[in-house]
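Q: Dropping a structure here in structure tokens format, bear with me for questions.
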Amino acid sequence: MKHTGLRPGWTTGACATAATTAAYTALLTGGFPDPVTITLPRGQRPAFALAVEELADGRATAGVVKDAGDDPDVTHGALVRVTVRHGAPGSGVVFRAGPGVGTVTKPGLPLDVGEPAINPVPRRLMREHVAEVAAAHGGTGDVVVEVAVDGGEEIARSTWNPRLGILGGLSILGTTGVVVPYSCSAWIDSIRRGVDVARAAGRTHVAGCTGSTSERVAVEVHGLPQDALLDMGDFAGAVLKYLRRHPVPRLTVSGGFAKLSKLAAGHLDLHSSRSQVDKTFLADLARLGGADDALAAAVADANTALEALQLAAAKGVPLGDLVARAARTAALDVLREAPVAVDVICVDRAGTVVGRAAPLANR
């Protein structure tokens with residue numbers, strides 16, 4: 001990675017997609033492609049070596065060992081296995097949780113209760129690659145895809161899955177397919193250099209974004225050029241403190257609702273290992289927006305920030321806007337007297353804007 005000097009890795013979703021592609025190819029042709037090449041959402045085409053190849057009557061299994069690069073990921077070195085079987089005509093791709101992959105048991109996640117914990121983007125990638133293999137080798141594309149992770153149930157105890165109600169193992173994750181190594185000092189340095197570049201280019205408006213989805217939304221909303229975009233990640237404090245000393249007239253903070261709810265509550269490091277969503281705080285905000293005692297209690301007891309947002313929206317309480325305004329206040333508190341106006345955009349996982357706070361500056 002140019003901005004950190006660290007080696008990137010691959011998500012469990014990318015590994016599962018590679019294993020799916022290899023297994024379905026073997027099911028149709030009798031041979032496993034090794035290495036197997038896939039296409040990621042941003043166009044990269046990595047090749048994965050296979051650690052497992054098993055072909056039997058009516059099924060094929062391929063396994064890929066996850067390489068997380070230089071990121072201290074608990075799933076680094078885990079063996080992701082995918083077994084593909086022919087499905088019923090017209091069924092499309094049906095996903096199953098094998099050993100070591102969790103099942104969703106609580107609402108508030110981007111998957112229905114009872115579904116295997118294979119997130120939406122990995123599902124889309126696997127469906128796309130199944131369709132490509134089917135077209136290349138005369139298949140129907142009607143398959144059952146069972147994803148497993150060796151030792152996944154034990155590994156999951158070191159994650160937030162049990163608390164979120166994802167039971168039995170890990171989640172298959174990844175929105176880009178790439179694991180970005182987490183180096184605090186290098187990342188913060190890249191934020192500072194990003195501010196310096198924007199100032200040198202004469203930019204009067206920059207956006208600090210928590211990820212690729214929120215960055216895309218900031219560009220869509222404000223039409224900002226690339227050199228005005230700050231890859232903030234979890235380091236909201238680094239952006240705000242550096243802008244306090246090196247101001248730019250306008251800052252947009254764009255991020256996921258859950259992460260920005262942490263900023264709203266006063267956290268400047270938004271990483272899950274150092275700050276958590278305070279649902280009692282969200283309940284208090286909901287009361288300010290007109291929530292009654294029953295709704296406030298439901299928000300406080302929600303499984304996730306997303307569920308809290310959904311509960312409030314169902315009752316007409318603009319919790320997204322309330323979080324955005326509180327996050328704006330928290331940002332202005334850090335900026336102090338710096339001549340920077342702040343607006344905030346909260347998005348959900350799909351990139352839908354769920355909360356806004358208009359530009360405001362400290363007086």
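Scheme for the structure tokens: letters A, B, ... for chains in order shown; per-chain residue numbers from 1; ligand numbers from 1 in order shown.
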Skipping near chain neighbours, those fewer than 3 positions away, what residues fall within 12 Å of range 278-288 of chain A using only C-alpha atoms, listed as a PyMOL selection string?

A: chain A and resi 257-267+272+275+291-313+315-327

Q: Please write the residues from the selection above to a file, keeping N, CA and C atoms, as a short mmCIF file (atom, residue, chain, number, x, y, z; two decimals), in the first residue's frame.

A:
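Contents of result-v4.cif, freshly written:
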data_model
loop_
_atom_site.label_atom_id
_atom_site.label_comp_id
_atom_site.auth_asym_id
_atom_site.auth_seq_id
_atom_site.Cartn_x
_atom_site.Cartn_y
_atom_site.Cartn_z
N PHE A 257 -23.27 5.13 9.64
CA PHE A 257 -24.06 5.59 10.78
C PHE A 257 -23.47 5.13 12.10
N ALA A 258 -23.04 3.87 12.19
CA ALA A 258 -22.53 3.35 13.46
C ALA A 258 -21.25 4.08 13.86
N LYS A 259 -20.33 4.24 12.90
CA LYS A 259 -19.07 4.91 13.24
C LYS A 259 -19.31 6.37 13.64
N LEU A 260 -20.19 7.05 12.93
CA LEU A 260 -20.41 8.45 13.26
C LEU A 260 -21.20 8.61 14.55
N SER A 261 -21.94 7.56 14.96
CA SER A 261 -22.58 7.63 16.27
C SER A 261 -21.53 7.62 17.38
N LYS A 262 -20.39 6.98 17.13
CA LYS A 262 -19.30 7.01 18.10
C LYS A 262 -18.70 8.42 18.18
N LEU A 263 -18.47 9.05 17.01
CA LEU A 263 -17.99 10.43 17.01
C LEU A 263 -18.98 11.33 17.72
N ALA A 264 -20.26 11.12 17.47
CA ALA A 264 -21.30 11.94 18.11
C ALA A 264 -21.22 11.84 19.63
N ALA A 265 -20.82 10.66 20.12
CA ALA A 265 -20.71 10.44 21.57
C ALA A 265 -19.36 10.91 22.13
N GLY A 266 -18.51 11.46 21.27
CA GLY A 266 -17.25 12.04 21.73
C GLY A 266 -16.01 11.19 21.49
N HIS A 267 -16.15 10.04 20.83
CA HIS A 267 -14.98 9.19 20.53
C HIS A 267 -14.27 9.72 19.28
N SER A 272 -13.34 -0.53 16.21
CA SER A 272 -14.18 -1.33 17.09
C SER A 272 -13.45 -1.84 18.33
N SER A 275 -13.50 1.71 20.64
CA SER A 275 -14.74 2.41 20.98
C SER A 275 -15.92 1.58 20.50
N ALA A 291 -38.95 10.61 20.52
CA ALA A 291 -39.24 9.21 20.85
C ALA A 291 -39.92 9.12 22.22
N ASP A 292 -40.90 8.23 22.33
CA ASP A 292 -41.51 7.99 23.62
C ASP A 292 -40.67 6.98 24.41
N ASP A 293 -41.12 6.67 25.62
CA ASP A 293 -40.33 5.78 26.48
C ASP A 293 -40.14 4.40 25.85
N ALA A 294 -41.18 3.89 25.20
CA ALA A 294 -41.09 2.54 24.62
C ALA A 294 -40.06 2.50 23.49
N LEU A 295 -40.08 3.52 22.63
CA LEU A 295 -39.12 3.54 21.53
C LEU A 295 -37.71 3.74 22.06
N ALA A 296 -37.54 4.64 23.03
CA ALA A 296 -36.21 4.86 23.59
C ALA A 296 -35.66 3.58 24.21
N ALA A 297 -36.52 2.84 24.89
CA ALA A 297 -36.08 1.57 25.48
C ALA A 297 -35.69 0.57 24.40
N ALA A 298 -36.45 0.54 23.31
CA ALA A 298 -36.14 -0.38 22.22
C ALA A 298 -34.82 -0.01 21.55
N VAL A 299 -34.57 1.27 21.39
CA VAL A 299 -33.29 1.72 20.81
C VAL A 299 -32.13 1.33 21.73
N ALA A 300 -32.31 1.54 23.02
CA ALA A 300 -31.25 1.21 23.97
C ALA A 300 -30.96 -0.29 23.99
N ASP A 301 -31.97 -1.09 23.68
CA ASP A 301 -31.83 -2.55 23.72
C ASP A 301 -31.56 -3.15 22.34
N ALA A 302 -31.36 -2.30 21.33
CA ALA A 302 -31.15 -2.79 19.97
C ALA A 302 -29.87 -3.62 19.88
N ASN A 303 -29.88 -4.55 18.96
CA ASN A 303 -28.72 -5.42 18.77
C ASN A 303 -27.56 -4.67 18.13
N THR A 304 -27.87 -3.79 17.19
CA THR A 304 -26.84 -3.03 16.48
C THR A 304 -27.32 -1.59 16.29
N ALA A 305 -26.38 -0.75 15.84
CA ALA A 305 -26.73 0.63 15.51
C ALA A 305 -27.73 0.66 14.36
N LEU A 306 -27.57 -0.24 13.40
CA LEU A 306 -28.50 -0.29 12.28
C LEU A 306 -29.92 -0.59 12.75
N GLU A 307 -30.06 -1.53 13.68
CA GLU A 307 -31.39 -1.83 14.18
C GLU A 307 -31.97 -0.62 14.90
N ALA A 308 -31.14 0.08 15.67
CA ALA A 308 -31.61 1.29 16.36
C ALA A 308 -32.12 2.31 15.34
N LEU A 309 -31.38 2.48 14.26
CA LEU A 309 -31.78 3.41 13.21
C LEU A 309 -33.10 2.99 12.59
N GLN A 310 -33.25 1.70 12.32
CA GLN A 310 -34.48 1.20 11.70
C GLN A 310 -35.68 1.35 12.63
N LEU A 311 -35.48 1.06 13.92
CA LEU A 311 -36.57 1.22 14.88
C LEU A 311 -37.05 2.67 14.94
N ALA A 312 -36.09 3.59 14.97
CA ALA A 312 -36.44 5.01 15.04
C ALA A 312 -37.14 5.46 13.77
N ALA A 313 -36.62 5.02 12.61
CA ALA A 313 -37.21 5.43 11.33
C ALA A 313 -38.66 4.95 11.22
N LYS A 315 -40.80 4.79 13.43
CA LYS A 315 -41.66 5.67 14.24
C LYS A 315 -41.54 7.13 13.85
N GLY A 316 -40.82 7.40 12.75
CA GLY A 316 -40.71 8.77 12.28
C GLY A 316 -39.73 9.62 13.05
N VAL A 317 -38.83 9.01 13.80
CA VAL A 317 -37.82 9.76 14.56
C VAL A 317 -36.54 9.81 13.73
N PRO A 318 -36.04 11.00 13.38
CA PRO A 318 -34.89 11.14 12.48
C PRO A 318 -33.55 10.91 13.19
N LEU A 319 -33.34 9.69 13.64
CA LEU A 319 -32.14 9.40 14.42
C LEU A 319 -30.86 9.66 13.61
N GLY A 320 -30.91 9.41 12.30
CA GLY A 320 -29.73 9.69 11.48
C GLY A 320 -29.34 11.15 11.50
N ASP A 321 -30.33 12.03 11.36
CA ASP A 321 -30.05 13.47 11.42
C ASP A 321 -29.56 13.88 12.80
N LEU A 322 -30.13 13.30 13.83
CA LEU A 322 -29.72 13.63 15.19
C LEU A 322 -28.27 13.22 15.45
N VAL A 323 -27.88 12.05 14.96
CA VAL A 323 -26.50 11.61 15.09
C VAL A 323 -25.58 12.53 14.29
N ALA A 324 -25.99 12.90 13.09
CA ALA A 324 -25.18 13.79 12.26
C ALA A 324 -24.95 15.13 12.97
N ARG A 325 -25.98 15.67 13.57
CA ARG A 325 -25.83 16.97 14.27
C ARG A 325 -24.92 16.83 15.49
N ALA A 326 -25.08 15.74 16.23
CA ALA A 326 -24.23 15.53 17.40
C ALA A 326 -22.78 15.31 16.98
N ALA A 327 -22.57 14.62 15.87
CA ALA A 327 -21.21 14.42 15.36
C ALA A 327 -20.61 15.74 14.92
#

Q: Skip range 211-217 of chain A itself and residues of its chain fewer than 6 positions away, then list as a list in words all residues within 6 Å of it, counting only C-alpha atoms.

A: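 Residues near the query, excluding close chain neighbours: Gly233, Ser254, Gly255 and Gly351 of chain A.
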
Q: Taking only C-alpha atoms into account, name the residue in A:Val334, A:Val344, A:Asp73, A:Ala361 that is nearest to Thr159 in chain A.

A: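 Using only C-alpha atoms, Thr159 in chain A sits closest to A:Asp73.
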
Q: Mind checking DSSP for range 17-223 of chain A and telling me the strand (DSSP E) residues as a VMD selection string?

A: chain A and resid 36 to 37 47 to 48 52 to 56 59 to 65 79 to 86 93 to 97 100 to 101 103 to 104 143 to 149 166 to 167 169 to 170 178 to 179 205 to 209

Q: Select, from A:Gly31, A:Gly256, A:Gly43, A:Pro247, the residue with the minimum atom-to-atom distance to Asp234 in chain A, counting only C-alpha atoms.

A: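 Under the stated criterion, the closest residue is A:Gly256.
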
Q: With only C-alpha atoms as the counted atoms, please give the residues lying no more than 10 Å from Pro110 in chain A, apart from itself and same-chain residues fewer than 5 positions off, as a PDB file with N, CA, C and O atoms, in the first residue's frame.

A:
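Wrote part29.pdb, looks like this:
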ATOM      1  N   VAL A 104     -27.041 -15.919  11.368  1.00  0.00           N
ATOM      2  CA  VAL A 104     -27.623 -14.712  11.966  1.00  0.00           C
ATOM      3  C   VAL A 104     -28.815 -15.101  12.834  1.00  0.00           C
ATOM      4  O   VAL A 104     -29.735 -15.792  12.367  1.00  0.00           O
ATOM      5  N   ALA A 117     -24.030 -16.247   7.695  1.00  0.00           N
ATOM      6  CA  ALA A 117     -23.363 -14.948   7.825  1.00  0.00           C
ATOM      7  C   ALA A 117     -22.356 -14.744   6.685  1.00  0.00           C
ATOM      8  O   ALA A 117     -21.148 -14.639   6.877  1.00  0.00           O
ATOM      9  N   ILE A 118     -22.905 -14.680   5.496  1.00  0.00           N
ATOM     10  CA  ILE A 118     -22.139 -14.380   4.287  1.00  0.00           C
ATOM     11  C   ILE A 118     -22.673 -13.043   3.803  1.00  0.00           C
ATOM     12  O   ILE A 118     -23.833 -12.950   3.357  1.00  0.00           O
ATOM     13  N   ASN A 119     -21.873 -11.997   3.911  1.00  0.00           N
ATOM     14  CA  ASN A 119     -22.365 -10.648   3.701  1.00  0.00           C
ATOM     15  C   ASN A 119     -22.760 -10.370   2.248  1.00  0.00           C
ATOM     16  O   ASN A 119     -22.396 -11.124   1.338  1.00  0.00           O
ATOM     17  N   PRO A 120     -23.496  -9.282   2.009  1.00  0.00           N
ATOM     18  CA  PRO A 120     -24.043  -9.030   0.666  1.00  0.00           C
ATOM     19  C   PRO A 120     -23.016  -8.949  -0.456  1.00  0.00           C
ATOM     20  O   PRO A 120     -23.250  -9.510  -1.532  1.00  0.00           O
ATOM     21  N   LEU A 306     -27.569  -0.242  13.404  1.00  0.00           N
ATOM     22  CA  LEU A 306     -28.495  -0.291  12.280  1.00  0.00           C
ATOM     23  C   LEU A 306     -29.915  -0.595  12.746  1.00  0.00           C
ATOM     24  O   LEU A 306     -30.878   0.033  12.282  1.00  0.00           O
ATOM     25  N   GLU A 307     -30.059  -1.527  13.676  1.00  0.00           N
ATOM     26  CA  GLU A 307     -31.394  -1.828  14.175  1.00  0.00           C
ATOM     27  C   GLU A 307     -31.972  -0.620  14.904  1.00  0.00           C
ATOM     28  O   GLU A 307     -33.168  -0.312  14.767  1.00  0.00           O
ATOM     29  N   ASP A 348     -25.772   4.387   5.209  1.00  0.00           N
ATOM     30  CA  ASP A 348     -25.869   2.987   5.617  1.00  0.00           C
ATOM     31  C   ASP A 348     -24.916   2.159   4.763  1.00  0.00           C
ATOM     32  O   ASP A 348     -24.157   2.701   3.942  1.00  0.00           O
ATOM     33  N   ARG A 349     -24.933   0.835   4.926  1.00  0.00           N
ATOM     34  CA  ARG A 349     -23.982  -0.024   4.221  1.00  0.00           C
ATOM     35  C   ARG A 349     -24.132   0.047   2.709  1.00  0.00           C
ATOM     36  O   ARG A 349     -23.167  -0.166   1.968  1.00  0.00           O
ATOM     37  N   ALA A 350     -25.338   0.323   2.250  1.00  0.00           N
ATOM     38  CA  ALA A 350     -25.572   0.388   0.813  1.00  0.00           C
ATOM     39  C   ALA A 350     -25.207   1.736   0.213  1.00  0.00           C
ATOM     40  O   ALA A 350     -25.250   1.905  -1.003  1.00  0.00           O
TER      41      ALA A 350
END

Q: Neighbours of Gly177 in chain A within 12 Å (only C-alpha atoms; same-chain residues fewer than 3 positions away dropped), as a ChimeraX atom specification?

A: /A:8-18,38-46,66-68,119,121-126,172-174,180

Q: Let's see if you can do this: from backbone DSSP, list all helix (DSSP H, G or I) residues in range 152-262 of chain A, as a PyMOL selection string.

A: chain A and resi 152-156+161-164+184-200+212-222+226-228+236-245+257-262

Q: Pick from A:Val65, A:Ala228, A:Ile191, A:Val147: nearest to Val52 in chain A, with only C-alpha atoms counted?

A: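 That would be A:Val65, the residue with the smallest distance to Val52 in chain A.
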
Q: Please compute the CA of Gly223 in chain A-CA of Val239 in chain A distance, one decimal, in Å.

A: 20.2 Å

Q: From the set A:Leu243, A:Val253, A:Ala88, A:Val144, which residue has the shortest atom-to-atom contact distance to Glu337 in chain A, counting only C-alpha atoms?

A: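 Ranked by minimum distance to Glu337 in chain A, first place goes to A:Leu243.
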
Q: Pick the closest to Pro72 in chain A from A:Ala338, A:Leu167, A:Val113, A:Val179: which is it, counting only C-alpha atoms?

A: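 Of A:Ala338, A:Leu167, A:Val113, A:Val179, the one nearest Pro72 in chain A is A:Val179, counting only C-alpha atoms.
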
Q: Residues within 12 Å of Glu53 in chain A, please, as a VMD selection string. Count only C-alpha atoms; anything in the same chain fewer than 2 positions from it doesn't count.

A: chain A and resid 19 to 20 22 to 27 30 to 36 49 to 51 55 to 56 59 to 64 81 to 84

Q: Do you have the CA of Pro225 in chain A-CA of Ala198 in chain A distance handy?

A: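 We find that CA of Pro225 in chain A and CA of Ala198 in chain A lie 9.7 Å from each other.
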
Q: Enter the distance from CA of Thr352 in chain A to CA of Val219 in chain A, in Å, rounded to one decimal.

A: 13.3 Å
